[in-house]
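> File query_20.txt follows (compact mmCIF, C-alpha atoms):
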# COMPACT_ATOMS: atom_id res chain seq x y z
CA MET A 18 0.00 0.00 0.00
CA THR A 19 1.23 3.47 -0.91
CA GLU A 20 0.21 6.74 0.68
CA ILE A 21 -0.87 9.68 -1.48
CA GLY A 22 -1.19 13.22 -0.18
CA ILE A 23 -4.59 14.77 -0.89
CA GLY A 24 -5.29 18.50 -1.01
CA VAL A 25 -8.90 19.71 -0.95
CA VAL A 26 -9.74 23.20 -2.16
CA GLY A 27 -12.92 24.17 -0.33
CA GLY A 28 -13.97 23.02 3.10
CA GLY A 29 -17.73 23.45 2.99
CA TYR A 30 -20.46 20.91 2.22
CA MET A 31 -18.63 19.11 -0.58
CA GLY A 32 -15.19 19.69 0.92
CA LYS A 33 -16.30 17.78 4.00
CA ALA A 34 -17.84 15.02 1.87
CA HIS A 35 -14.57 14.50 -0.01
CA ALA A 36 -12.48 14.62 3.17
CA VAL A 37 -14.68 11.94 4.74
CA ALA A 38 -14.55 9.87 1.55
CA MET A 39 -10.77 10.00 1.36
CA SER A 40 -10.56 8.98 5.02
CA ALA A 41 -12.82 5.97 4.48
CA VAL A 42 -12.11 4.74 0.94
CA GLY A 43 -9.06 2.64 1.83
CA ALA A 44 -10.95 0.64 4.42
CA VAL A 45 -14.10 0.25 2.28
CA PHE A 46 -12.44 -0.78 -0.99
CA ASN A 47 -8.97 -1.87 0.18
CA THR A 48 -7.38 0.50 -2.32
CA ALA A 49 -3.72 0.17 -3.25
CA LEU A 50 -3.33 3.93 -2.79
CA ARG A 51 -4.17 5.13 0.71
CA PRO A 52 -5.09 8.82 0.95
CA ARG A 53 -3.39 11.07 3.48
CA LEU A 54 -5.31 14.26 4.24
CA GLU A 55 -2.44 16.65 3.67
CA MET A 56 -3.94 20.13 3.25
CA VAL A 57 -7.28 21.91 3.09
CA CYS A 58 -7.88 25.37 1.68
CA ALA A 59 -10.68 27.76 2.62
CA SER A 60 -11.40 31.45 2.14
CA SER A 61 -9.87 32.59 5.44
CA THR A 62 -7.21 31.41 7.86
CA VAL A 63 -9.81 30.90 10.58
CA SER A 64 -12.16 28.77 8.47
CA ALA A 65 -9.29 26.80 6.95
CA GLU A 66 -7.90 25.98 10.39
CA GLY A 67 -11.39 25.00 11.54
CA TYR A 68 -11.78 22.57 8.65
CA ARG A 69 -8.29 21.18 9.29
CA ALA A 70 -9.12 20.38 12.88
CA ALA A 71 -12.60 19.03 12.11
CA PHE A 72 -11.69 16.81 9.14
CA GLY A 73 -8.21 15.63 10.17
CA PHE A 74 -5.96 17.39 7.66
CA ALA A 75 -2.30 17.84 8.53
CA ARG A 76 -2.22 21.49 7.43
CA ALA A 77 -4.43 24.35 6.29
CA THR A 78 -4.15 27.43 4.09
CA GLU A 79 -6.28 30.29 2.86
CA ASP A 80 -4.41 30.38 -0.49
CA TRP A 81 -5.19 27.66 -3.02
CA ARG A 82 -1.89 28.42 -4.80
CA VAL A 83 0.00 27.29 -1.71
CA LEU A 84 -1.94 24.03 -1.68
CA VAL A 85 -1.42 23.31 -5.37
CA ALA A 86 2.32 24.05 -5.21
CA ASP A 87 3.02 22.03 -2.08
CA PRO A 88 5.12 18.91 -2.88
CA LYS A 89 3.30 16.84 -0.26
CA VAL A 90 -0.01 17.47 -2.04
CA GLU A 91 0.10 14.82 -4.78
CA ALA A 92 -3.53 15.04 -5.97
CA VAL A 93 -6.01 17.90 -5.85
CA VAL A 94 -9.76 17.79 -5.17
CA ILE A 95 -11.63 20.96 -6.19
CA ALA A 96 -14.73 21.49 -4.06
CA ALA A 97 -14.70 25.29 -4.26
CA PRO A 98 -17.17 27.66 -6.00
CA GLN A 99 -17.36 27.29 -9.79
CA ALA A 100 -15.50 30.54 -10.44
CA LEU A 101 -12.32 28.91 -9.09
CA HIS A 102 -12.55 25.60 -10.94
CA ARG A 103 -10.62 26.62 -14.03
CA VAL A 104 -7.72 28.51 -12.43
CA VAL A 105 -7.13 25.86 -9.78
CA ALA A 106 -7.29 22.99 -12.27
CA GLU A 107 -4.96 24.67 -14.75
CA ALA A 108 -2.40 25.36 -12.01
CA ALA A 109 -2.60 21.79 -10.73
CA PHE A 110 -2.14 20.34 -14.21
CA ALA A 111 0.81 22.65 -14.82
CA ALA A 112 2.33 21.11 -11.68
CA GLY A 113 1.65 17.62 -13.08
CA LYS A 114 -0.95 16.68 -10.47
CA PRO A 115 -4.17 14.65 -10.89
CA VAL A 116 -7.36 16.66 -10.39
CA PHE A 117 -10.85 15.74 -9.28
CA CYS A 118 -13.26 18.63 -9.87
CA GLU A 119 -16.82 18.88 -8.63
CA LYS A 120 -19.60 19.51 -11.14
CA PRO A 121 -20.28 21.57 -13.12
CA LEU A 122 -16.79 21.46 -14.57
CA GLY A 123 -16.62 25.12 -15.61
CA THR A 124 -18.85 28.16 -15.34
CA ASN A 125 -19.37 27.87 -19.10
CA VAL A 126 -18.27 25.85 -22.13
CA ASP A 127 -15.18 28.01 -22.72
CA ASP A 128 -13.94 27.31 -19.19
CA SER A 129 -14.59 23.60 -19.58
CA ARG A 130 -12.90 23.44 -22.95
CA ALA A 131 -9.82 25.15 -21.52
CA MET A 132 -9.77 22.74 -18.58
CA VAL A 133 -9.99 19.72 -20.89
CA ALA A 134 -7.14 21.11 -22.99
CA ALA A 135 -4.98 21.70 -19.91
CA ALA A 136 -5.59 18.16 -18.68
CA GLU A 137 -4.81 16.58 -22.03
CA VAL A 138 -1.71 18.68 -22.69
CA ALA A 139 -0.38 17.72 -19.25
CA GLY A 140 -1.35 14.07 -19.73
CA ALA A 141 -2.77 14.21 -16.22
CA ILE A 142 -5.50 12.15 -14.57
CA ASN A 143 -8.75 14.10 -14.46
CA MET A 144 -12.25 13.34 -13.17
CA THR A 145 -15.50 15.28 -12.81
CA GLY A 146 -17.73 14.74 -9.79
CA PHE A 147 -21.16 13.33 -10.67
CA ASN A 148 -22.02 11.25 -7.64
CA TYR A 149 -25.74 10.51 -8.05
CA ILE A 150 -25.27 8.24 -11.06
CA ARG A 151 -22.97 6.03 -8.97
CA THR A 152 -25.61 4.48 -6.74
CA PRO A 153 -25.68 0.67 -7.01
CA ALA A 154 -29.23 0.99 -8.40
CA SER A 155 -28.26 3.32 -11.24
CA GLN A 156 -25.18 1.28 -12.07
CA PHE A 157 -27.47 -1.74 -12.27
CA ALA A 158 -29.88 0.21 -14.50
CA ARG A 159 -27.07 0.84 -16.96
CA ASP A 160 -26.16 -2.86 -16.90
CA LEU A 161 -29.79 -3.75 -17.70
CA ILE A 162 -29.89 -1.33 -20.62
CA GLU A 163 -26.56 -2.44 -22.08
CA SER A 164 -27.42 -6.14 -21.76
CA GLY A 165 -30.62 -5.65 -23.77
CA GLU A 166 -32.78 -6.76 -20.86
CA ILE A 167 -35.48 -4.19 -21.71
CA GLY A 168 -34.99 -4.48 -25.46
CA GLU A 169 -34.52 -1.66 -27.94
CA ILE A 170 -34.63 1.66 -26.09
CA THR A 171 -37.57 3.82 -27.13
CA GLY A 172 -37.70 6.69 -24.63
CA PHE A 173 -36.08 8.54 -21.75
CA ARG A 174 -37.50 10.88 -19.14
CA GLY A 175 -35.23 12.38 -16.51
CA GLU A 176 -35.46 15.08 -13.86
CA HIS A 177 -33.78 16.64 -10.88
CA THR A 178 -36.36 18.46 -8.79
CA GLU A 179 -36.04 20.05 -5.36
CA ASP A 180 -38.00 22.67 -3.44
CA PHE A 181 -35.39 24.70 -1.52
CA LEU A 182 -36.63 27.87 -3.27
CA ALA A 183 -40.28 26.90 -3.74
CA ASP A 184 -41.40 29.42 -1.12
CA PRO A 185 -41.61 32.87 -2.80
CA SER A 186 -40.93 34.50 0.58
CA ALA A 187 -37.55 32.76 0.89
CA PRO A 188 -34.87 35.48 0.81
CA ALA A 189 -32.45 36.07 -2.03
CA ASN A 190 -29.05 34.44 -1.51
CA TRP A 191 -25.98 33.41 -3.51
CA ARG A 192 -28.03 30.79 -5.34
CA THR A 193 -30.34 33.44 -6.81
CA SER A 194 -27.53 35.49 -8.36
CA GLY A 195 -25.47 34.66 -11.44
CA LEU A 196 -26.24 32.24 -14.24
CA PRO A 197 -23.90 29.46 -13.03
CA ASN A 198 -25.82 29.32 -9.72
CA GLY A 199 -29.23 28.96 -11.37
CA THR A 200 -31.04 25.69 -11.78
CA MET A 201 -29.41 24.99 -15.15
CA GLY A 202 -25.98 25.44 -13.61
CA ASP A 203 -26.69 23.78 -10.27
CA LEU A 204 -29.26 20.97 -10.62
CA ALA A 205 -29.57 20.32 -14.36
CA PRO A 206 -26.02 18.92 -14.74
CA HIS A 207 -27.07 15.83 -12.77
CA PRO A 208 -29.98 14.62 -14.97
CA ILE A 209 -28.03 15.63 -18.09
CA ASN A 210 -25.09 13.52 -16.95
CA CYS A 211 -27.52 10.69 -16.19
CA ALA A 212 -29.03 10.92 -19.67
CA LEU A 213 -25.62 10.90 -21.34
CA ARG A 214 -24.51 7.91 -19.27
CA LEU A 215 -27.62 5.81 -19.84
CA MET A 216 -28.59 6.94 -23.34
CA GLY A 217 -25.48 8.29 -25.03
CA PRO A 218 -24.87 11.72 -26.61
CA ILE A 219 -27.65 14.25 -27.17
CA GLN A 220 -27.80 15.44 -30.77
CA SER A 221 -30.27 18.32 -30.52
CA LEU A 222 -32.72 19.88 -28.11
CA MET A 223 -35.51 22.39 -27.60
CA ALA A 224 -35.58 24.11 -24.21
CA GLU A 225 -37.70 26.50 -22.17
CA ILE A 226 -35.93 28.07 -19.18
CA GLU A 227 -37.53 30.60 -16.87
CA THR A 228 -37.43 32.47 -13.59
CA VAL A 229 -40.63 31.87 -11.62
CA TYR A 230 -40.02 34.36 -8.81
CA HIS A 231 -38.20 37.43 -10.12
CA ASP A 232 -38.12 39.27 -6.80
CA ARG A 233 -37.37 37.89 -3.36
CA PRO A 234 -36.90 39.56 0.00
CA GLY A 235 -33.50 41.21 -0.10
CA GLY A 236 -32.91 41.23 -3.84
CA THR A 237 -33.78 40.53 -7.46
CA VAL A 238 -33.32 37.03 -8.85
CA THR A 239 -30.88 37.07 -11.79
CA ASN A 240 -30.97 33.40 -12.79
CA ASP A 241 -33.39 30.60 -13.56
CA ASP A 242 -35.73 28.60 -11.31
CA HIS A 243 -36.52 25.75 -13.67
CA GLY A 244 -36.06 24.48 -17.21
CA HIS A 245 -37.46 21.78 -19.48
CA MET A 246 -35.66 20.18 -22.43
CA LEU A 247 -37.03 18.03 -25.21
CA CYS A 248 -34.04 16.22 -26.67
CA ARG A 249 -33.15 13.93 -29.53
CA PHE A 250 -30.33 11.52 -28.75
CA GLU A 251 -27.80 10.53 -31.39
CA SER A 252 -29.32 7.05 -31.24
CA GLY A 253 -32.54 8.56 -32.60
CA VAL A 254 -34.47 8.15 -29.34
CA LEU A 255 -36.60 11.05 -28.11
CA GLY A 256 -36.35 12.11 -24.47
CA SER A 257 -37.00 14.88 -21.98
CA ILE A 258 -35.12 16.40 -19.05
CA TYR A 259 -36.56 18.70 -16.38
CA ALA A 260 -34.78 20.52 -13.57
CA SER A 261 -36.32 22.70 -10.87
CA ARG A 262 -35.54 24.27 -7.52
CA VAL A 263 -39.17 25.32 -7.02
CA ALA A 264 -40.78 21.86 -7.25
CA THR A 265 -42.85 22.00 -4.07
CA GLY A 266 -42.64 18.76 -2.11
CA ARG A 267 -39.62 17.35 -3.87
CA LYS A 268 -36.46 16.97 -1.79
CA MET A 269 -34.21 14.73 -3.88
CA GLY A 270 -36.08 14.28 -7.14
CA TYR A 271 -33.21 12.79 -9.12
CA ALA A 272 -35.41 10.45 -11.12
CA TYR A 273 -35.59 8.80 -14.51
CA GLU A 274 -37.58 6.34 -16.58
CA VAL A 275 -36.21 4.40 -19.53
CA THR A 276 -38.62 2.52 -21.78
CA GLY A 277 -37.75 -0.27 -24.18
CA SER A 278 -39.39 -2.73 -26.54
CA LYS A 279 -39.25 -5.51 -23.90
CA GLY A 280 -39.54 -3.62 -20.64
CA ALA A 281 -38.86 -0.45 -18.66
CA ILE A 282 -36.83 0.89 -15.73
CA ARG A 283 -37.81 3.51 -13.13
CA PHE A 284 -35.63 5.11 -10.46
CA ASP A 285 -36.21 7.85 -7.88
CA GLY A 286 -33.45 9.33 -5.73
CA GLU A 287 -35.83 9.67 -2.80
CA ASP A 288 -35.76 5.86 -2.71
CA GLN A 289 -32.20 5.42 -3.92
CA ASN A 290 -31.77 1.83 -2.80
CA ALA A 291 -34.42 0.49 -5.15
CA ILE A 292 -34.86 0.10 -8.88
CA HIS A 293 -38.23 -0.66 -10.49
CA LEU A 294 -38.12 -3.10 -13.40
CA TYR A 295 -40.98 -3.96 -15.76
CA LYS A 296 -40.70 -6.96 -18.10
CA MET A 297 -43.09 -7.48 -20.98
CA SER A 298 -43.49 -11.20 -20.38
CA GLY A 299 -46.12 -13.57 -19.02
CA PRO A 300 -49.89 -13.00 -18.91
CA GLU A 301 -50.99 -9.36 -19.06
CA ALA A 302 -52.89 -9.78 -15.79
CA GLN A 303 -49.62 -10.62 -14.00
CA ARG A 304 -47.47 -7.84 -15.42
CA GLY A 305 -46.26 -4.89 -13.42
CA PHE A 306 -43.20 -3.08 -12.13
CA THR A 307 -41.15 -5.12 -9.67
CA LYS A 308 -39.36 -3.22 -6.93
CA ILE A 309 -35.83 -4.59 -6.60
CA LEU A 310 -33.95 -3.67 -3.43
CA THR A 311 -30.23 -3.30 -4.01
CA GLY A 312 -27.86 -5.71 -2.30
CA PRO A 313 -24.48 -7.42 -2.65
CA ALA A 314 -25.44 -8.70 -6.12
CA HIS A 315 -25.45 -5.11 -7.43
CA PRO A 316 -22.43 -2.99 -8.40
CA ASP A 317 -20.39 -1.41 -5.57
CA TYR A 318 -22.81 -2.43 -2.81
CA GLU A 319 -21.08 -5.28 -0.98
CA PRO A 320 -18.00 -3.28 0.15
CA PHE A 321 -20.38 -1.17 2.26
CA CYS A 322 -22.82 -3.79 3.52
CA GLN A 323 -23.45 -7.53 3.22
CA GLY A 324 -27.19 -7.31 3.84
CA PRO A 325 -29.58 -6.91 0.88
CA GLY A 326 -32.00 -4.04 1.35
CA HIS A 327 -29.96 -2.43 4.12
CA GLY A 328 -28.96 0.32 1.72
CA THR A 329 -26.19 2.75 0.90
CA GLY A 330 -26.30 6.55 1.28
CA TYR A 331 -25.15 9.86 -0.15
CA GLN A 332 -21.70 9.72 1.42
CA ASP A 333 -21.14 6.26 -0.04
CA GLN A 334 -21.52 7.71 -3.54
CA ILE A 335 -18.61 10.05 -2.81
CA ILE A 336 -16.54 7.13 -1.51
CA ILE A 337 -17.15 5.28 -4.79
CA GLU A 338 -15.91 8.38 -6.63
CA ALA A 339 -12.80 8.45 -4.44
CA ARG A 340 -12.13 4.77 -5.26
CA ASP A 341 -12.31 5.49 -8.99
CA PHE A 342 -10.09 8.56 -8.71
CA LEU A 343 -7.43 6.61 -6.79
CA ARG A 344 -7.65 3.71 -9.24
CA ALA A 345 -7.18 6.10 -12.15
CA ILE A 346 -4.07 7.55 -10.48
CA GLU A 347 -2.73 4.08 -9.63
CA THR A 348 -3.08 2.80 -13.20
CA TRP A 349 -2.60 6.24 -14.81
CA GLN A 350 -5.67 5.55 -16.92
CA ASN A 351 -8.60 7.96 -16.81
CA ILE A 352 -11.92 6.58 -15.60
CA TRP A 353 -15.38 7.99 -16.46
CA PRO A 354 -16.45 10.72 -15.96
CA THR A 355 -13.43 12.67 -17.17
CA PHE A 356 -13.19 16.41 -17.74
CA ARG A 357 -14.29 15.78 -21.32
CA ASP A 358 -17.45 14.16 -19.98
CA GLY A 359 -17.96 17.18 -17.75
CA MET A 360 -17.56 19.46 -20.75
CA ALA A 361 -20.24 17.49 -22.62
CA VAL A 362 -22.70 18.44 -19.87
CA ASN A 363 -21.71 22.11 -20.20
CA GLN A 364 -22.34 21.91 -23.95
CA VAL A 365 -25.88 20.65 -23.38
CA ILE A 366 -26.53 23.46 -20.89
CA ALA A 367 -25.21 26.06 -23.35
CA ALA A 368 -27.41 24.63 -26.10
CA ALA A 369 -30.42 24.73 -23.75
CA HIS A 370 -29.91 28.43 -22.96
CA ALA A 371 -29.49 29.24 -26.65
CA SER A 372 -32.59 27.26 -27.54
CA SER A 373 -34.65 28.96 -24.85
CA ASP A 374 -33.54 32.39 -26.06
CA ALA A 375 -34.15 31.61 -29.73
CA LYS A 376 -37.29 29.50 -29.22
CA ALA A 377 -35.82 26.97 -31.62
CA TRP A 378 -34.13 23.58 -31.78
CA CYS A 379 -30.33 23.73 -31.34
CA ASN A 380 -27.61 21.22 -32.20
CA VAL A 381 -25.46 20.42 -29.16
CA ASN A 382 -22.27 20.04 -31.22
CA ASP A 383 -22.53 23.71 -32.21
CA PHE A 384 -21.51 24.64 -28.69
The structure given in the file should be rewritten as C-alpha cells.


Amino acid sequence: MTEIGIGVVGGGYMGKAHAVAMSAVGAVFNTALRPRLEMVCASSTVSAEGYRAAFGFARATEDWRVLVADPKVEAVVIAAPQALHRVVAEAAFAAGKPVFCEKPLGTNVDDSRAMVAAAEVAGAINMTGFNYIRTPASQFARDLIESGEIGEITGFRGEHTEDFLADPSAPANWRTSGLPNGTMGDLAPHPINCALRLMGPIQSLMAEIETVYHDRPGGTVTNDDHGHMLCRFESGVLGSIYASRVATGRKMGYAYEVTGSKGAIRFDGEDQNAIHLYKMSGPEAQRGFTKILTGPAHPDYEPFCQGPGHGTGYQDQIIIEARDFLRAIETWQNIWPTFRDGMAVNQVIAAAHASSDAKAWCNVNDF
C-alpha cells in the first residue's frame, strides 16, 4: 500500500464530503493507494484551520496556490465555488498533479474546454464529480440497458427536482444570483449527466428556461428557477429532461424512466436503494413493475454492507468516486467521468440556454 497526499480546495459541504470519503475509501475498498489528508484550503485562515481540525488534515491554508504548489499534495480535489474551478485545475495540471473537480466542470463551455485542454496537454489524470449516477441501483440500471434486458430503447424521461426555493418568501441568496448558480448550472447537470450515461450523446434539443419568482426579499433574482428540455439523442431516441428548484414537495427528485421494446426501468433518488423493473413477459394480468432492493449482487454495494435491502447513502456515492479517482491515479488511466465528460454536460446546458432564447431547436455540437 502506498500513501498519497490529498489536497482539498474548499472546506464546505462538498469539501467535507470528499475529506470523509478520502478517510474511508481505503478501508471500504482496500485501495492500493491510501489517501493522506495533507492540506485543506478555505477562504480565510480561521475557516481553513477549523476545517483542518474538524476533518483531520495535517495542514491548512487560505491560499489555493500554496496548496497546489506544495510537494506533499500529490492530488487535488476541487470542491470550491465554480468561479475557481478553471484557475485551480490549470495550475494543478501545470504542476503535473491529478485533479478531481466537482460539477459543473466550468462556469461555461469556454472554461470547460480550456480545462480539458490543460488536462490533455499535461497528460494528467482528471475526473468530474457526478455522484448521483454512482448508486448501485443506477449502475445496475445501466447494466440492464446495455445487456438488452429491456430491449430496444424507445424513450427517456429524466429530472432533478427540489424545493429549496419553492417558497416565494424565501430570501435572495448566492443561489439566486449569477447564471452558473441557477437551476441549469446547479441541478440540471445531474440529470443531463444521467441521460448521457444511460442513453449516449444528445444530438439536438428544444428548451424552455424561466425564472418563476423574479423578486425575493432582499434582492432581485438574476438566474433561472426551472427548465425543461425536449431532446433527440444521437441514437434517434426522443427524451425529456426537467430541472427545478421550485418543485414543491420534492427533496431529492433525481429520477428517470427508460422505456424499451421488452420492458422499462424507473428510479427515484428519494428511494435510492431500489430500482423498479418492468418486463413485458407472461400474462398481461400478472405484469407490473417489480421493486428490486439493491444488495451485494449489485455494483459497488457489498463493500459497504453484506445485507440486501440495508442500503447505501449519499456519502457512499462520494466514496465510490474516491475509489475510482485513486484507481485512475494508480493505473494512470482515466476513468469515467473525465473532464471531457464534464464538458459534454456544459455543452448541453449552453445549447439549452441558446434554444430557450431563440425559441428553436439547437444542435449540441454547435456549442

> Set the distance at 7 Å and use all atoms listed in the file: which residues neighbour A:Tyr273 once local chain neighbours fewer than 3 positions away are removed? I'd like the list as a list of chain:residue names.

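Selected residues are A:Arg174, A:Gly175, A:Glu176, A:Arg283, A:Phe284, A:Asp285.
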
> Considering all atoms listed in the file, state which residue in the set A:Ala86, A:Ala272, A:Val105, A:Ile142 is at the smallest distance from A:Ala205.

A:Ala272

> Could you check which of A:Cys248, A:Leu204, A:Val83, A:Val275 is closest to A:His177, using all atoms listed in the file?

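Result for the nearest residue to A:His177: A:Leu204.
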
> From the list A:Thr171, A:Thr124, A:Asn47, A:Ser60, which residue is nearest A:Ile366 when using only C-alpha atoms?

A:Thr124

> Determine, counting all atoms listed in the file, every residue of protein, DNA or RNA that lies within 12 Å of (-18.6, 8.7, -2.1) in the file coordinates, then give the result as a PyMOL selection string.

chain A and resi 31-43+45-46+146-153+317-318+321+329-342

> Identify, on the basis of all atoms listed in the file, every residue whose closest approach to A:Arg103 does not exceed 9 Å; exclude the query and any residue fewer than 2 positions from it along the same chain; express the result as an MDAnalysis selection string.

chainID A and resid 99:101 105:108 122:124 128:129 131:132

> Please identify all polymer residues lying at most 6 Å from the point (-31.6, 25.8, -27.3) (file coordinates), using all atoms listed in the file, and present the result as a ChimeraX atom specification.

/A:223-224,368-373,378-379

> Measuring between all atoms listed in the file, which one of A:His243, A:Lys279, A:His315, A:Lys376 shows the shortest distance to A:Ile292?

A:His315

> Give the answer as one residue: which of A:Ala112, A:Ala158, A:Ala71, A:Val126 has the shortest atom-to-atom distance to A:Ala139, using only C-alpha atoms?

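Of the candidates, the smallest distance to A:Ala139 is held by A:Ala112.
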
> Quick one: everything within 12 Å of A:Tyr295, counting all atoms listed in the file, minus sequence neighbours fewer than 5 positions away in the same chain. Send it as a ChimeraX atom specification.

/A:158,161,166-168,274-284,301,303-309

> Rebuild stretch 198-209 of chain A so that it carries N, CA, C and O atoms, then output the result as a PDB file, in the frame of the given file.


ATOM      1  N   ASN A 198     -25.176  29.779 -10.960  1.00  0.00           N
ATOM      2  CA  ASN A 198     -25.820  29.320  -9.720  1.00  0.00           C
ATOM      3  C   ASN A 198     -27.309  29.034  -9.896  1.00  0.00           C
ATOM      4  O   ASN A 198     -27.971  28.605  -8.947  1.00  0.00           O
ATOM      5  N   GLY A 199     -27.836  29.271 -11.095  1.00  0.00           N
ATOM      6  CA  GLY A 199     -29.230  28.960 -11.370  1.00  0.00           C
ATOM      7  C   GLY A 199     -29.473  27.475 -11.475  1.00  0.00           C
ATOM      8  O   GLY A 199     -28.539  26.664 -11.372  1.00  0.00           O
ATOM      9  N   THR A 200     -30.710  27.110 -11.695  1.00  0.00           N
ATOM     10  CA  THR A 200     -31.040  25.690 -11.780  1.00  0.00           C
ATOM     11  C   THR A 200     -30.294  24.975 -12.902  1.00  0.00           C
ATOM     12  O   THR A 200     -29.855  23.835 -12.739  1.00  0.00           O
ATOM     13  N   MET A 201     -30.116  25.640 -14.038  1.00  0.00           N
ATOM     14  CA  MET A 201     -29.410  24.990 -15.150  1.00  0.00           C
ATOM     15  C   MET A 201     -27.934  24.780 -14.842  1.00  0.00           C
ATOM     16  O   MET A 201     -27.308  23.869 -15.377  1.00  0.00           O
ATOM     17  N   GLY A 202     -27.378  25.622 -13.984  1.00  0.00           N
ATOM     18  CA  GLY A 202     -25.980  25.440 -13.610  1.00  0.00           C
ATOM     19  C   GLY A 202     -25.798  24.543 -12.405  1.00  0.00           C
ATOM     20  O   GLY A 202     -24.766  23.889 -12.265  1.00  0.00           O
ATOM     21  N   ASP A 203     -26.806  24.483 -11.544  1.00  0.00           N
ATOM     22  CA  ASP A 203     -26.690  23.780 -10.270  1.00  0.00           C
ATOM     23  C   ASP A 203     -27.289  22.380 -10.311  1.00  0.00           C
ATOM     24  O   ASP A 203     -26.609  21.387 -10.053  1.00  0.00           O
ATOM     25  N   LEU A 204     -28.565  22.265 -10.650  1.00  0.00           N
ATOM     26  CA  LEU A 204     -29.260  20.970 -10.620  1.00  0.00           C
ATOM     27  C   LEU A 204     -29.250  20.236 -11.954  1.00  0.00           C
ATOM     28  O   LEU A 204     -29.076  19.014 -11.991  1.00  0.00           O
ATOM     29  N   ALA A 205     -29.446  20.964 -13.051  1.00  0.00           N
ATOM     30  CA  ALA A 205     -29.570  20.320 -14.360  1.00  0.00           C
ATOM     31  C   ALA A 205     -28.373  19.453 -14.758  1.00  0.00           C
ATOM     32  O   ALA A 205     -28.560  18.447 -15.459  1.00  0.00           O
ATOM     33  N   PRO A 206     -27.135  19.797 -14.354  1.00  0.00           N
ATOM     34  CA  PRO A 206     -26.020  18.920 -14.740  1.00  0.00           C
ATOM     35  C   PRO A 206     -26.209  17.466 -14.332  1.00  0.00           C
ATOM     36  O   PRO A 206     -25.744  16.560 -15.033  1.00  0.00           O
ATOM     37  N   HIS A 207     -26.908  17.219 -13.226  1.00  0.00           N
ATOM     38  CA  HIS A 207     -27.070  15.830 -12.770  1.00  0.00           C
ATOM     39  C   HIS A 207     -27.963  15.004 -13.710  1.00  0.00           C
ATOM     40  O   HIS A 207     -27.552  13.917 -14.146  1.00  0.00           O
ATOM     41  N   PRO A 208     -29.184  15.439 -14.045  1.00  0.00           N
ATOM     42  CA  PRO A 208     -29.980  14.620 -14.970  1.00  0.00           C
ATOM     43  C   PRO A 208     -29.393  14.588 -16.375  1.00  0.00           C
ATOM     44  O   PRO A 208     -29.585  13.602 -17.103  1.00  0.00           O
ATOM     45  N   ILE A 209     -28.686  15.651 -16.770  1.00  0.00           N
ATOM     46  CA  ILE A 209     -28.030  15.630 -18.090  1.00  0.00           C
ATOM     47  C   ILE A 209     -26.943  14.570 -18.100  1.00  0.00           C
ATOM     48  O   ILE A 209     -26.845  13.756 -19.025  1.00  0.00           O
TER      49      ILE A 209
END
